[in-house]
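Q: Next comes the structure file target.pdb, holding PDB, C-alpha atoms.
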ATOM      1  CA  MET A1186     -23.632  -8.700   2.231
ATOM      2  CA  SER A1187     -23.580  -5.177   0.835
ATOM      3  CA  ILE A1188     -20.446  -3.144   1.450
ATOM      4  CA  ARG A1189     -21.313   0.460   2.192
ATOM      5  CA  PHE A1190     -19.460   3.487   3.569
ATOM      6  CA  ASP A1191     -22.336   5.604   4.799
ATOM      7  CA  GLY A1192     -21.130   7.977   7.510
ATOM      8  CA  ARG A1193     -17.481   7.250   6.724
ATOM      9  CA  VAL A1194     -14.946   9.868   5.666
ATOM     10  CA  ALA A1195     -12.192   8.890   3.250
ATOM     11  CA  ILE A1196      -9.038  10.566   2.003
ATOM     12  CA  VAL A1197      -7.711   9.365  -1.351
ATOM     13  CA  THR A1198      -4.328  10.720  -2.437
ATOM     14  CA  GLY A1199      -3.454  11.087  -6.092
ATOM     15  CA  ALA A1200      -7.168  10.980  -6.854
ATOM     16  CA  GLY A1201      -7.308  13.350  -9.812
ATOM     17  CA  ASN A1202      -6.715  10.675 -12.436
ATOM     18  CA  GLY A1203      -6.443   6.954 -13.025
ATOM     19  CA  LEU A1204      -6.751   4.593 -10.086
ATOM     20  CA  GLY A1205      -7.124   7.318  -7.484
ATOM     21  CA  ARG A1206     -10.019   8.892  -9.341
ATOM     22  CA  CYS A1207     -11.702   5.518  -9.679
ATOM     23  CA  HIS A1208     -11.168   4.782  -5.967
ATOM     24  CA  ALA A1209     -12.662   8.150  -4.975
ATOM     25  CA  LEU A1210     -15.701   7.659  -7.203
ATOM     26  CA  GLY A1211     -16.173   4.119  -5.917
ATOM     27  CA  LEU A1212     -16.070   5.168  -2.276
ATOM     28  CA  ALA A1213     -18.442   8.074  -2.885
ATOM     29  CA  ALA A1214     -20.888   5.878  -4.816
ATOM     30  CA  ARG A1215     -21.180   3.693  -1.714
ATOM     31  CA  GLY A1216     -21.820   6.551   0.654
ATOM     32  CA  ALA A1217     -18.427   7.862   1.767
ATOM     33  CA  LYS A1218     -17.593  11.530   2.048
ATOM     34  CA  VAL A1219     -14.325  11.923   0.141
ATOM     35  CA  VAL A1220     -11.315  14.206   0.237
ATOM     36  CA  VAL A1221     -10.034  14.126  -3.333
ATOM     37  CA  ASN A1222      -6.349  14.887  -2.943
ATOM     38  CA  ASP A1223      -4.212  15.593  -5.970
ATOM     39  CA  LEU A1224      -1.206  17.833  -6.490
ATOM     40  CA  GLY A1225      -2.006  17.895 -10.186
ATOM     41  CA  GLY A1226       1.508  17.099 -11.388
ATOM     42  CA  SER A1227       2.652  15.055 -14.365
ATOM     43  CA  VAL A1228       3.558  11.364 -14.134
ATOM     44  CA  ASP A1229       7.130  12.284 -13.150
ATOM     45  CA  GLY A1230       5.903  14.690 -10.466
ATOM     46  CA  LYS A1231       6.487  17.983 -12.263
ATOM     47  CA  GLY A1232       4.036  20.862 -12.328
ATOM     48  CA  GLY A1233       0.792  21.167 -10.417
ATOM     49  CA  SER A1234      -2.867  22.093 -10.825
ATOM     50  CA  SER A1235      -6.049  21.594  -8.793
ATOM     51  CA  ASP A1236      -8.221  21.180 -11.896
ATOM     52  CA  ALA A1237      -8.143  17.364 -11.909
ATOM     53  CA  ALA A1238      -9.190  17.065  -8.250
ATOM     54  CA  LYS A1239     -11.963  19.623  -8.721
ATOM     55  CA  ALA A1240     -13.260  17.689 -11.730
ATOM     56  CA  VAL A1241     -13.535  14.516  -9.649
ATOM     57  CA  VAL A1242     -15.346  16.417  -6.906
ATOM     58  CA  ALA A1243     -17.774  17.709  -9.518
ATOM     59  CA  GLU A1244     -18.445  14.138 -10.679
ATOM     60  CA  ILE A1245     -19.131  13.005  -7.120
ATOM     61  CA  GLU A1246     -21.410  15.931  -6.382
ATOM     62  CA  ALA A1247     -23.289  15.460  -9.659
ATOM     63  CA  ALA A1248     -24.043  11.898  -8.544
ATOM     64  CA  GLY A1249     -25.386  13.164  -5.195
ATOM     65  CA  GLY A1250     -22.275  12.577  -3.091
ATOM     66  CA  GLU A1251     -20.117  14.801  -0.894
ATOM     67  CA  ALA A1252     -16.492  15.621  -1.600
ATOM     68  CA  ILE A1253     -13.864  18.320  -1.320
ATOM     69  CA  ALA A1254     -10.749  18.884  -3.390
ATOM     70  CA  ASN A1255      -7.352  19.225  -1.760
ATOM     71  CA  GLY A1256      -3.991  19.952  -3.372
ATOM     72  CA  ALA A1257      -1.660  18.951  -0.545
ATOM     73  CA  ASN A1258       1.752  17.640  -1.534
ATOM     74  CA  VAL A1259       2.067  14.307   0.298
ATOM     75  CA  THR A1260       5.795  14.876   0.801
ATOM     76  CA  ASP A1261       5.053  17.998   2.868
ATOM     77  CA  MET A1262       3.926  17.026   6.372
ATOM     78  CA  GLU A1263       2.561  20.483   7.126
ATOM     79  CA  GLN A1264       0.309  20.378   4.061
ATOM     80  CA  VAL A1265      -0.795  16.824   4.816
ATOM     81  CA  THR A1266      -1.668  17.717   8.414
ATOM     82  CA  ALA A1267      -3.708  20.679   7.173
ATOM     83  CA  MET A1268      -5.563  18.346   4.782
ATOM     84  CA  VAL A1269      -6.527  15.990   7.602
ATOM     85  CA  ASP A1270      -7.518  18.923   9.816
ATOM     86  CA  GLU A1271      -9.771  20.226   7.031
ATOM     87  CA  ALA A1272     -11.520  16.861   6.729
ATOM     88  CA  VAL A1273     -12.053  16.608  10.503
ATOM     89  CA  ALA A1274     -13.290  20.202  10.694
ATOM     90  CA  LYS A1275     -15.825  19.587   7.930
ATOM     91  CA  TRP A1276     -16.992  16.053   8.716
ATOM     92  CA  GLY A1277     -15.753  15.324  12.240
ATOM     93  CA  ARG A1278     -13.565  12.297  11.518
ATOM     94  CA  VAL A1279     -11.374  10.405   9.069
ATOM     95  CA  ASP A1280     -12.136   6.689   8.743
ATOM     96  CA  ILE A1281     -10.317   5.669   5.590
ATOM     97  CA  LEU A1282      -6.974   6.612   4.071
ATOM     98  CA  VAL A1283      -6.035   5.414   0.612
ATOM     99  CA  ASN A1284      -2.339   6.054  -0.014
ATOM    100  CA  ASN A1285      -2.380   6.132  -3.797
ATOM    101  CA  ALA A1286      -0.278   9.145  -4.850
ATOM    102  CA  GLY A1287       2.788   8.237  -6.861
ATOM    103  CA  VAL A1288       5.264   9.186  -9.572
ATOM    104  CA  LEU A1289       7.577   7.407 -12.001
ATOM    105  CA  ARG A1290      11.146   8.276 -12.930
ATOM    106  CA  ASP A1291      12.222   5.030 -14.554
ATOM    107  CA  LYS A1292      15.823   4.347 -15.516
ATOM    108  CA  SER A1293      18.144   1.391 -15.155
ATOM    109  CA  PHE A1294      20.093   1.394 -11.894
ATOM    110  CA  ALA A1295      23.304   2.152 -13.799
ATOM    111  CA  ASN A1296      21.787   5.328 -15.238
ATOM    112  CA  VAL A1297      19.397   6.588 -12.580
ATOM    113  CA  GLU A1298      20.315   9.850 -10.897
ATOM    114  CA  MET A1299      20.199   9.721  -7.120
ATOM    115  CA  LYS A1300      17.957  12.770  -6.892
ATOM    116  CA  ASP A1301      15.369  10.898  -8.959
ATOM    117  CA  PHE A1302      15.799   7.787  -6.825
ATOM    118  CA  SER A1303      15.228   9.802  -3.650
ATOM    119  CA  PHE A1304      12.277  11.687  -5.123
ATOM    120  CA  VAL A1305      10.396   8.493  -6.009
ATOM    121  CA  LEU A1306      10.998   7.094  -2.508
ATOM    122  CA  ASP A1307       9.904  10.389  -0.998
ATOM    123  CA  VAL A1308       6.563  10.460  -2.839
ATOM    124  CA  HIS A1309       5.577   6.804  -2.549
ATOM    125  CA  LEU A1310       7.072   5.800   0.790
ATOM    126  CA  MET A1311       7.384   9.001   2.798
ATOM    127  CA  GLY A1312       4.175  10.344   1.280
ATOM    128  CA  SER A1313       2.361   7.312   2.673
ATOM    129  CA  VAL A1314       4.191   7.672   5.989
ATOM    130  CA  ASN A1315       3.170  11.334   6.236
ATOM    131  CA  CYS A1316      -0.480  10.692   5.443
ATOM    132  CA  SER A1317      -0.692   7.666   7.739
ATOM    133  CA  LYS A1318       0.945   9.607  10.569
ATOM    134  CA  ALA A1319      -1.434  12.527  10.052
ATOM    135  CA  VAL A1320      -4.551  10.346  10.445
ATOM    136  CA  TRP A1321      -3.146   7.981  13.087
ATOM    137  CA  ALA A1322      -4.094   9.940  16.219
ATOM    138  CA  GLN A1323      -7.611  10.572  14.924
ATOM    139  CA  MET A1324      -8.128   6.903  14.094
ATOM    140  CA  ARG A1325      -6.796   5.820  17.496
ATOM    141  CA  GLU A1326      -9.078   8.278  19.280
ATOM    142  CA  GLN A1327     -12.201   7.104  17.440
ATOM    143  CA  ASN A1328     -11.098   3.460  17.735
ATOM    144  CA  TYR A1329     -11.580   2.861  14.019
ATOM    145  CA  GLY A1330      -9.473   3.216  10.911
ATOM    146  CA  ARG A1331      -8.759   1.602   7.586
ATOM    147  CA  ILE A1332      -5.505   2.375   5.751
ATOM    148  CA  ALA A1333      -4.605   1.086   2.309
ATOM    149  CA  MET A1334      -1.057   1.173   0.987
ATOM    150  CA  THR A1335      -0.485   0.902  -2.746
ATOM    151  CA  THR A1336       2.312  -1.550  -3.413
ATOM    152  CA  SER A1337       3.342  -3.052  -6.758
ATOM    153  CA  SER A1338       4.624  -6.179  -8.445
ATOM    154  CA  SER A1339       7.732  -4.081  -9.101
ATOM    155  CA  GLY A1340       8.392  -4.149  -5.366
ATOM    156  CA  LEU A1341       7.173  -7.668  -4.674
ATOM    157  CA  TYR A1342       8.960  -9.290  -7.619
ATOM    158  CA  GLY A1343      11.102  -6.678  -9.395
ATOM    159  CA  ASN A1344      10.871  -4.871 -12.717
ATOM    160  CA  PHE A1345      13.677  -3.675 -14.980
ATOM    161  CA  GLY A1346      14.353   0.054 -14.721
ATOM    162  CA  GLN A1347      12.343   0.506 -11.530
ATOM    163  CA  ALA A1348      14.824   0.084  -8.699
ATOM    164  CA  ASN A1349      13.589   3.319  -7.105
ATOM    165  CA  TYR A1350       9.901   2.523  -7.566
ATOM    166  CA  GLY A1351      10.345  -1.105  -6.464
ATOM    167  CA  ALA A1352      12.275  -0.139  -3.344
ATOM    168  CA  ALA A1353       9.562   2.329  -2.354
ATOM    169  CA  LYS A1354       6.758  -0.129  -3.011
ATOM    170  CA  MET A1355       8.372  -2.897  -0.970
ATOM    171  CA  GLY A1356       9.065  -0.410   1.799
ATOM    172  CA  LEU A1357       5.320   0.098   2.066
ATOM    173  CA  ILE A1358       4.894  -3.572   2.958
ATOM    174  CA  GLY A1359       7.260  -3.130   5.895
ATOM    175  CA  LEU A1360       5.299  -0.054   6.940
ATOM    176  CA  MET A1361       2.028  -1.971   6.683
ATOM    177  CA  ASN A1362       3.296  -4.903   8.739
ATOM    178  CA  THR A1363       4.298  -2.725  11.686
ATOM    179  CA  LEU A1364       1.242  -0.456  11.582
ATOM    180  CA  VAL A1365      -0.930  -3.583  11.719
ATOM    181  CA  LEU A1366       0.680  -4.543  15.029
ATOM    182  CA  GLU A1367       0.528  -1.048  16.508
ATOM    183  CA  GLY A1368      -3.011  -0.312  15.335
ATOM    184  CA  ALA A1369      -4.698  -3.592  16.267
ATOM    185  CA  LYS A1370      -5.960  -2.596  19.702
ATOM    186  CA  TYR A1371      -7.329   0.684  18.343
ATOM    187  CA  GLY A1372      -9.508  -0.872  15.661
ATOM    188  CA  ILE A1373      -7.126   0.169  12.883
ATOM    189  CA  ARG A1374      -6.582  -2.272  10.035
ATOM    190  CA  VAL A1375      -3.913  -1.808   7.379
ATOM    191  CA  ASN A1376      -3.731  -3.606   4.051
ATOM    192  CA  ALA A1377      -1.997  -3.189   0.702
ATOM    193  CA  LEU A1378      -3.282  -3.126  -2.855
ATOM    194  CA  SER A1379      -1.023  -4.302  -5.672
ATOM    195  CA  PRO A1380      -2.799  -3.034  -8.798
ATOM    196  CA  CYS A1381      -2.264  -3.662 -12.473
ATOM    197  CA  ALA A1382      -4.118  -1.068 -14.516
ATOM    198  CA  ALA A1383      -3.748   1.010 -17.645
ATOM    199  CA  THR A1384      -3.072   4.514 -16.338
ATOM    200  CA  ARG A1385      -0.742   7.382 -17.208
ATOM    201  CA  MET A1386       2.002   5.353 -15.525
ATOM    202  CA  THR A1387       1.596   2.269 -17.729
ATOM    203  CA  GLU A1388       1.083   3.916 -21.134
ATOM    204  CA  GLY A1389       3.673   2.658 -23.611
ATOM    205  CA  LEU A1390       4.673  -0.329 -21.480
ATOM    206  CA  MET A1391       2.200  -2.869 -22.903
ATOM    207  CA  PRO A1392       0.415  -3.617 -26.217
ATOM    208  CA  GLU A1393      -2.718  -1.527 -26.706
ATOM    209  CA  ASN A1394      -5.071  -4.522 -26.957
ATOM    210  CA  LEU A1395      -3.908  -5.790 -23.568
ATOM    211  CA  LEU A1396      -3.996  -2.350 -21.969
ATOM    212  CA  GLU A1397      -7.690  -2.242 -22.793
ATOM    213  CA  LEU A1398      -8.247  -5.126 -20.359
ATOM    214  CA  LEU A1399      -6.463  -3.364 -17.517
ATOM    215  CA  THR A1400      -9.118  -0.860 -16.530
ATOM    216  CA  PRO A1401      -8.900   1.010 -13.199
ATOM    217  CA  GLU A1402     -12.529  -0.010 -12.684
ATOM    218  CA  ALA A1403     -11.369  -3.639 -12.436
ATOM    219  CA  VAL A1404      -8.997  -2.738  -9.580
ATOM    220  CA  THR A1405     -11.180  -0.543  -7.378
ATOM    221  CA  PRO A1406     -13.441  -3.363  -6.069
ATOM    222  CA  ALA A1407     -10.350  -4.847  -4.359
ATOM    223  CA  LEU A1408      -9.571  -1.478  -2.788
ATOM    224  CA  LEU A1409     -13.142  -1.089  -1.550
ATOM    225  CA  TYR A1410     -12.937  -4.505   0.089
ATOM    226  CA  ILE A1411      -9.707  -3.859   1.997
ATOM    227  CA  VAL A1412     -10.993  -0.565   3.447
ATOM    228  CA  SER A1413     -14.435  -1.894   4.365
ATOM    229  CA  GLU A1414     -15.641  -2.422   7.926
ATOM    230  CA  ASN A1415     -15.159  -6.196   7.676
ATOM    231  CA  SER A1416     -11.857  -5.950   5.832
ATOM    232  CA  PRO A1417      -8.989  -8.366   6.318
ATOM    233  CA  ASN A1418      -5.826  -7.140   8.027
ATOM    234  CA  ARG A1419      -2.159  -7.310   6.993
ATOM    235  CA  THR A1420      -3.190  -8.495   3.538
ATOM    236  CA  ILE A1421      -1.664  -7.821   0.129
ATOM    237  CA  ILE A1422      -4.371  -8.105  -2.502
ATOM    238  CA  THR A1423      -3.479  -8.035  -6.188
ATOM    239  CA  ALA A1424      -5.961  -6.880  -8.791
ATOM    240  CA  GLY A1425      -5.888  -6.532 -12.553
ATOM    241  CA  ALA A1426      -8.044  -7.313 -15.598
ATOM    242  CA  GLY A1427     -10.665  -8.924 -13.376
ATOM    243  CA  THR A1428      -8.286 -11.271 -11.553
ATOM    244  CA  TYR A1429      -7.883 -10.953  -7.778
ATOM    245  CA  ALA A1430      -5.287 -12.791  -5.705
ATOM    246  CA  ARG A1431      -3.369 -12.608  -2.453
ATOM    247  CA  SER A1432       0.414 -12.213  -2.216
ATOM    248  CA  ILE A1433       1.997 -13.791   0.867
ATOM    249  CA  VAL A1434       5.539 -13.710   2.239
ATOM    250  CA  TYR A1435       6.557 -17.168   3.430
ATOM    251  CA  GLU A1436       9.589 -18.471   5.296
ATOM    252  CA  THR A1437      10.735 -22.083   5.357
ATOM    253  CA  GLY A1438      11.120 -23.876   8.662
ATOM    254  CA  GLY A1439      14.881 -24.014   8.154
ATOM    255  CA  LYS A1440      17.531 -26.334   9.548
ATOM    256  CA  TRP A1441      19.308 -25.916  12.884
ATOM    257  CA  LEU A1442      23.040 -26.602  12.794
ATOM    258  CA  PRO A1443      25.278 -27.367  15.795
ATOM    259  CA  GLU A1444      28.141 -24.928  16.309
ATOM    260  CA  ALA A1445      30.742 -27.158  14.647
ATOM    261  CA  ASP A1446      28.643 -27.326  11.455
ATOM    262  CA  ARG A1447      27.985 -23.582  11.055
ATOM    263  CA  THR A1448      30.058 -23.139   7.922
ATOM    264  CA  PRO A1449      29.118 -21.910   4.456
ATOM    265  CA  GLU A1450      30.043 -25.352   3.086
ATOM    266  CA  ILE A1451      27.543 -27.125   5.346
ATOM    267  CA  ILE A1452      24.874 -24.559   4.515
ATOM    268  CA  ALA A1453      25.500 -25.203   0.817
ATOM    269  CA  ALA A1454      25.317 -28.970   1.348
ATOM    270  CA  MET A1455      22.064 -28.640   3.327
ATOM    271  CA  TRP A1456      20.499 -26.044   1.055
ATOM    272  CA  ASP A1457      17.724 -28.272  -0.306
ATOM    273  CA  GLU A1458      16.533 -29.029   3.226
ATOM    274  CA  ILE A1459      16.975 -25.433   4.398
ATOM    275  CA  SER A1460      14.873 -24.129   1.504
ATOM    276  CA  ASP A1461      12.307 -26.951   1.398
ATOM    277  CA  PRO A1462       8.967 -25.274   0.540
ATOM    278  CA  ALA A1463       7.091 -28.080   2.289
ATOM    279  CA  THR A1464       8.185 -26.538   5.618
ATOM    280  CA  GLN A1465       7.210 -22.947   4.843
ATOM    281  CA  SER A1466       4.708 -20.907   6.813
ATOM    282  CA  GLU A1467       3.424 -17.351   6.955
ATOM    283  CA  TYR A1468       4.674 -15.239   9.845
ATOM    284  CA  THR A1469       2.650 -12.368  11.228
ATOM    285  CA  SER A1470       5.448 -10.602  13.102
ATOM    286  CA  GLY A1471       9.234 -10.623  13.394
ATOM    287  CA  ASN A1472       8.828 -12.471  16.693
ATOM    288  CA  ASP A1473       7.535 -15.506  14.785
ATOM    289  CA  GLN A1474      10.899 -15.874  13.085
ATOM    290  CA  THR A1475      12.792 -15.521  16.367
ATOM    291  CA  THR A1476      10.519 -18.067  18.033
ATOM    292  CA  ASN A1477      11.151 -20.577  15.248
ATOM    293  CA  MET A1478      14.907 -20.125  15.511
ATOM    294  CA  LEU A1479      15.012 -20.413  19.302
ATOM    295  CA  THR A1480      12.674 -23.415  19.323
ATOM    296  CA  LYS A1481      14.909 -25.269  16.877
ATOM    297  CA  ALA A1482      18.058 -24.278  18.766
ATOM    298  CA  ALA A1483      16.594 -25.422  22.071
ATOM    299  CA  ALA A1484      15.563 -28.753  20.571
ATOM    300  CA  GLY A1485      19.009 -29.234  19.061
ATOM    301  CA  LEU A1486      20.735 -28.452  22.357
ATOM    302  CA  GLY A1487      18.311 -30.425  24.485
ATOM    303  CA  ILE A1488      17.056 -27.331  26.326
ATOM    304  CA  LYS A1489      13.515 -27.527  27.711
ATOM    305  CA  ILE A1490      11.355 -24.484  27.013
TER     306      ILE A1490
END
Turn the structure described in the file into C-alpha cells.
A:
Amino acid sequence: MSIRFDGRVAIVTGAGNGLGRCHALGLAARGAKVVVNDLGGSVDGKGGSSDAAKAVVAEIEAAGGEAIANGANVTDMEQVTAMVDEAVAKWGRVDILVNNAGVLRDKSFANVEMKDFSFVLDVHLMGSVNCSKAVWAQMREQNYGRIAMTTSSSGLYGNFGQANYGAAKMGLIGLMNTLVLEGAKYGIRVNALSPCAATRMTEGLMPENLLELLTPEAVTPALLYIVSENSPNRTIITAGAGTYARSIVYETGGKWLPEADRTPEIIAAMWDEISDPATQSEYTSGNDQTTNMLTKAAAGLGIKI
C-alpha cells in the first residue's frame, strides 16, 4: 500500500527548520500542496524572518511540488485564521494540519520566570488550539481532516528543567483526546507524534555521536502515517533513530470499597490490589472510567444495572 497525498492540502507550522521542514518536504514529495508556516524566530521564540519558510518552499517547488510560505504567529488567532483562509482561497480546502511550531525556555521550576512558563504554554498548547480551531469548520464541512499534535517524552514522562514544556506537551494529549470524540462523525482524525530528533532544540543536550542517529528524516515517516487517509485515531506514536512505538495511557481496574472502609489507611493496605497492572485497560473516553467505577459500586452494593 502506497501512502500518497495527491489532491490534499496540508499546513505545517514551524516548518522552516528541523522537524517541520522535514515534514513539509515529506508531504510535498508524496503529492500534498503545503503551507510552510514559520515565524522565523530563534529557539526561544525571539526575532522573526520569513527566509526559512521561503527556502523550504523553494525546495518543494524545485522538486516539482506546490507550496506557499506563511509567517503567521500561531499565538495570534487573527493571523492563524488569515493563514487558513489563504490556503482555502488558493487550493479550496485544508485536509491536514501538523501542529509542530514550538519554543524552549528551559529552567528548573525553582528558577523559571512565570512569563517564560506562560509563553511556552502559549506557543505549544494555545498555538495548536488556535490552528486546530481555525481549520475545524473547514474540515467538518468537507467531512475530512487529519490533525497531528506534537507531544513529547517531556510531557509523557517528565524531563528536568522542562516543567513549562512538559505541561504544554501533556496538555496537547488532553486536547487530542477530546477532538477525537468531537471530530469522529465528521471524518476528522486526531493523533499525536512524540519525536526524538536532533534539531535546534536538542543541540547540546546529548553526545554528538548519538545526535547523529536522531535525524528528523527518521521521524517524518511516523508523521506521514498518522495524517494519511487510513491513519489510526487517538494514537500517540513515538519516533526516533529509526524506532517507532506507541504510548498508551492505562488505568487499573481498581478496588471498590464499602463506605465503612473508605479511609486512607485501607487504601494504603489495599494498594497492591488497587494498582495491580494485570487489571489495567485502555480507556477511550472519560465515560469509560465512570462506567468502571459505577459498575464496581453497583456490584458491591448488589444493585442490578
Q: Just checking: using all atoms listed in the file, which residue out of A:Leu1341, A:Val1297, A:Val1242, A:Val1259 ends up closest to Lys1318 of chain A?
A: A:Val1259
Q: Please, what distance in Å, to one decimal, runs between atom CA of Thr1198 of chain A and atom CA of Asn1222 of chain A?
A: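 One can read the atom CA of Thr1198 of chain A to atom CA of Asn1222 of chain A distance as 4.7 Å.
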Q: Considering all atoms listed in the file, return as a PDB file with C-alpha atoms, keeping the file's coordinate frame whatever protein or nucleic-acid residues lie within 10 Å of Ser1303 of chain A, sequence-local ones (same chain, fewer than 3 positions apart) excluded.
A:
ATOM      1  CA  GLU A1298      20.315   9.850 -10.897  1.00  0.00           C
ATOM      2  CA  MET A1299      20.199   9.721  -7.120  1.00  0.00           C
ATOM      3  CA  LYS A1300      17.957  12.770  -6.892  1.00  0.00           C
ATOM      4  CA  LEU A1306      10.998   7.094  -2.508  1.00  0.00           C
ATOM      5  CA  ASP A1307       9.904  10.389  -0.998  1.00  0.00           C
ATOM      6  CA  VAL A1308       6.563  10.460  -2.839  1.00  0.00           C
ATOM      7  CA  ASN A1349      13.589   3.319  -7.105  1.00  0.00           C
ATOM      8  CA  TYR A1350       9.901   2.523  -7.566  1.00  0.00           C
ATOM      9  CA  ALA A1353       9.562   2.329  -2.354  1.00  0.00           C
TER      10      ALA A1353
END
Q: Between atom CA of Glu1458 of chain A and atom CA of Gln1474 of chain A, what is the distance, to one decimal in Å?
A: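 If I compute the distance from atom CA of Glu1458 of chain A to atom CA of Gln1474 of chain A, I get 17.4 Å.
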Q: Need the neighbours of (-1.2, -5.0, -1.7): which residues are at most 6 Å away, counting all atoms listed in the file, as a list in words?
A: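 Applying the cut-off with all atoms listed in the file, one gets Thr1336, Ala1377, Leu1378, Ser1379, Ile1421, Ile1422 and Thr1423 of chain A.
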Q: Need the neighbours of (11.9, 5.1, -0.3): which residues are at most 12 Å away, counting only C-alpha atoms, as an mmCIF file with C-alpha atoms, in the frame of the given file?
A:
data_model
loop_
_atom_site.group_PDB
_atom_site.id
_atom_site.type_symbol
_atom_site.label_atom_id
_atom_site.label_comp_id
_atom_site.auth_asym_id
_atom_site.auth_seq_id
_atom_site.Cartn_x
_atom_site.Cartn_y
_atom_site.Cartn_z
ATOM 1 C CA THR A 1260 5.795 14.876 0.801
ATOM 2 C CA GLY A 1287 2.788 8.237 -6.861
ATOM 3 C CA MET A 1299 20.199 9.721 -7.120
ATOM 4 C CA LYS A 1300 17.957 12.770 -6.892
ATOM 5 C CA ASP A 1301 15.369 10.898 -8.959
ATOM 6 C CA PHE A 1302 15.799 7.787 -6.825
ATOM 7 C CA SER A 1303 15.228 9.802 -3.650
ATOM 8 C CA PHE A 1304 12.277 11.687 -5.123
ATOM 9 C CA VAL A 1305 10.396 8.493 -6.009
ATOM 10 C CA LEU A 1306 10.998 7.094 -2.508
ATOM 11 C CA ASP A 1307 9.904 10.389 -0.998
ATOM 12 C CA VAL A 1308 6.563 10.460 -2.839
ATOM 13 C CA HIS A 1309 5.577 6.804 -2.549
ATOM 14 C CA LEU A 1310 7.072 5.800 0.790
ATOM 15 C CA MET A 1311 7.384 9.001 2.798
ATOM 16 C CA GLY A 1312 4.175 10.344 1.280
ATOM 17 C CA SER A 1313 2.361 7.312 2.673
ATOM 18 C CA VAL A 1314 4.191 7.672 5.989
ATOM 19 C CA GLY A 1340 8.392 -4.149 -5.366
ATOM 20 C CA ALA A 1348 14.824 0.084 -8.699
ATOM 21 C CA ASN A 1349 13.589 3.319 -7.105
ATOM 22 C CA TYR A 1350 9.901 2.523 -7.566
ATOM 23 C CA GLY A 1351 10.345 -1.105 -6.464
ATOM 24 C CA ALA A 1352 12.275 -0.139 -3.344
ATOM 25 C CA ALA A 1353 9.562 2.329 -2.354
ATOM 26 C CA LYS A 1354 6.758 -0.129 -3.011
ATOM 27 C CA MET A 1355 8.372 -2.897 -0.970
ATOM 28 C CA GLY A 1356 9.065 -0.410 1.799
ATOM 29 C CA LEU A 1357 5.320 0.098 2.066
ATOM 30 C CA ILE A 1358 4.894 -3.572 2.958
ATOM 31 C CA GLY A 1359 7.260 -3.130 5.895
ATOM 32 C CA LEU A 1360 5.299 -0.054 6.940
#
Q: For the structure provided, state which residues fall under the PyMOL selection byres ((chain A and resi 1365) around 9), and present them as a list of chain:residue names.
A: A:Leu1360, A:Met1361, A:Asn1362, A:Thr1363, A:Leu1364, A:Leu1366, A:Glu1367, A:Gly1368, A:Ala1369, A:Ile1373, A:Arg1374, A:Val1375, A:Asn1376, A:Asn1418, A:Arg1419
Q: I'd like the contact shell of Leu1399 of chain A - 9 Å cut-off, all atoms listed in the file, skipping same-chain residues fewer than 5 positions apart - returned as number ranges by chain.
A: A: 1381-1384, 1404, 1425-1427
Q: Using all atoms listed in the file, which protein or nucleic acid residues come within 8 Å of segment 1262-1275 of chain A? Drop anything in the same chain fewer than 6 positions from it, and give the result as a list of chain:residue names.
A: A:Val1194, A:Val1220, A:Asn1255, A:Asn1315, A:Cys1316, A:Ala1319, A:Val1320
Q: Please determine, counting all atoms listed in the file, which residue among A:Ala1209, A:Leu1479, A:Ala1445, A:Asn1285 has the shortest atom-to-atom distance to Pro1406 of chain A.
A: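 Of A:Ala1209, A:Leu1479, A:Ala1445, A:Asn1285, the one nearest Pro1406 of chain A, counting all atoms listed in the file, is A:Ala1209.
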Q: Could you add the missing atoms to segment 1371-1382 of chain A, up to N, CA and C atoms, and return them as a tab-separated table (two decimals), keeping the file's coordinate frame?
A:
chain	number	residue	atom	x	y	z
A	1371	TYR	N	-6.56	-0.54	18.56
A	1371	TYR	CA	-7.33	0.68	18.34
A	1371	TYR	C	-8.32	0.55	17.18
A	1372	GLY	N	-8.54	-0.66	16.74
A	1372	GLY	CA	-9.51	-0.87	15.66
A	1372	GLY	C	-9.02	-0.41	14.30
A	1373	ILE	N	-7.70	-0.28	14.15
A	1373	ILE	CA	-7.13	0.17	12.88
A	1373	ILE	C	-6.61	-1.05	12.12
A	1374	ARG	N	-7.05	-1.19	10.90
A	1374	ARG	CA	-6.58	-2.27	10.04
A	1374	ARG	C	-5.85	-1.66	8.84
A	1375	VAL	N	-4.77	-2.33	8.45
A	1375	VAL	CA	-3.91	-1.81	7.38
A	1375	VAL	C	-3.65	-2.92	6.37
A	1376	ASN	N	-3.93	-2.64	5.12
A	1376	ASN	CA	-3.73	-3.61	4.05
A	1376	ASN	C	-3.03	-2.94	2.88
A	1377	ALA	N	-2.69	-3.73	1.87
A	1377	ALA	CA	-2.00	-3.19	0.70
A	1377	ALA	C	-2.65	-3.69	-0.58
A	1378	LEU	N	-2.77	-2.81	-1.53
A	1378	LEU	CA	-3.28	-3.13	-2.86
A	1378	LEU	C	-2.13	-3.14	-3.84
A	1379	SER	N	-2.02	-4.23	-4.60
A	1379	SER	CA	-1.02	-4.30	-5.67
A	1379	SER	C	-1.78	-4.31	-7.00
A	1380	PRO	N	-1.94	-3.13	-7.62
A	1380	PRO	CA	-2.80	-3.03	-8.80
A	1380	PRO	C	-2.04	-3.22	-10.11
A	1381	CYS	N	-2.77	-3.65	-11.10
A	1381	CYS	CA	-2.26	-3.66	-12.47
A	1381	CYS	C	-3.34	-3.03	-13.33
A	1382	ALA	N	-3.10	-1.81	-13.78
A	1382	ALA	CA	-4.12	-1.07	-14.52
A	1382	ALA	C	-3.47	-0.18	-15.56
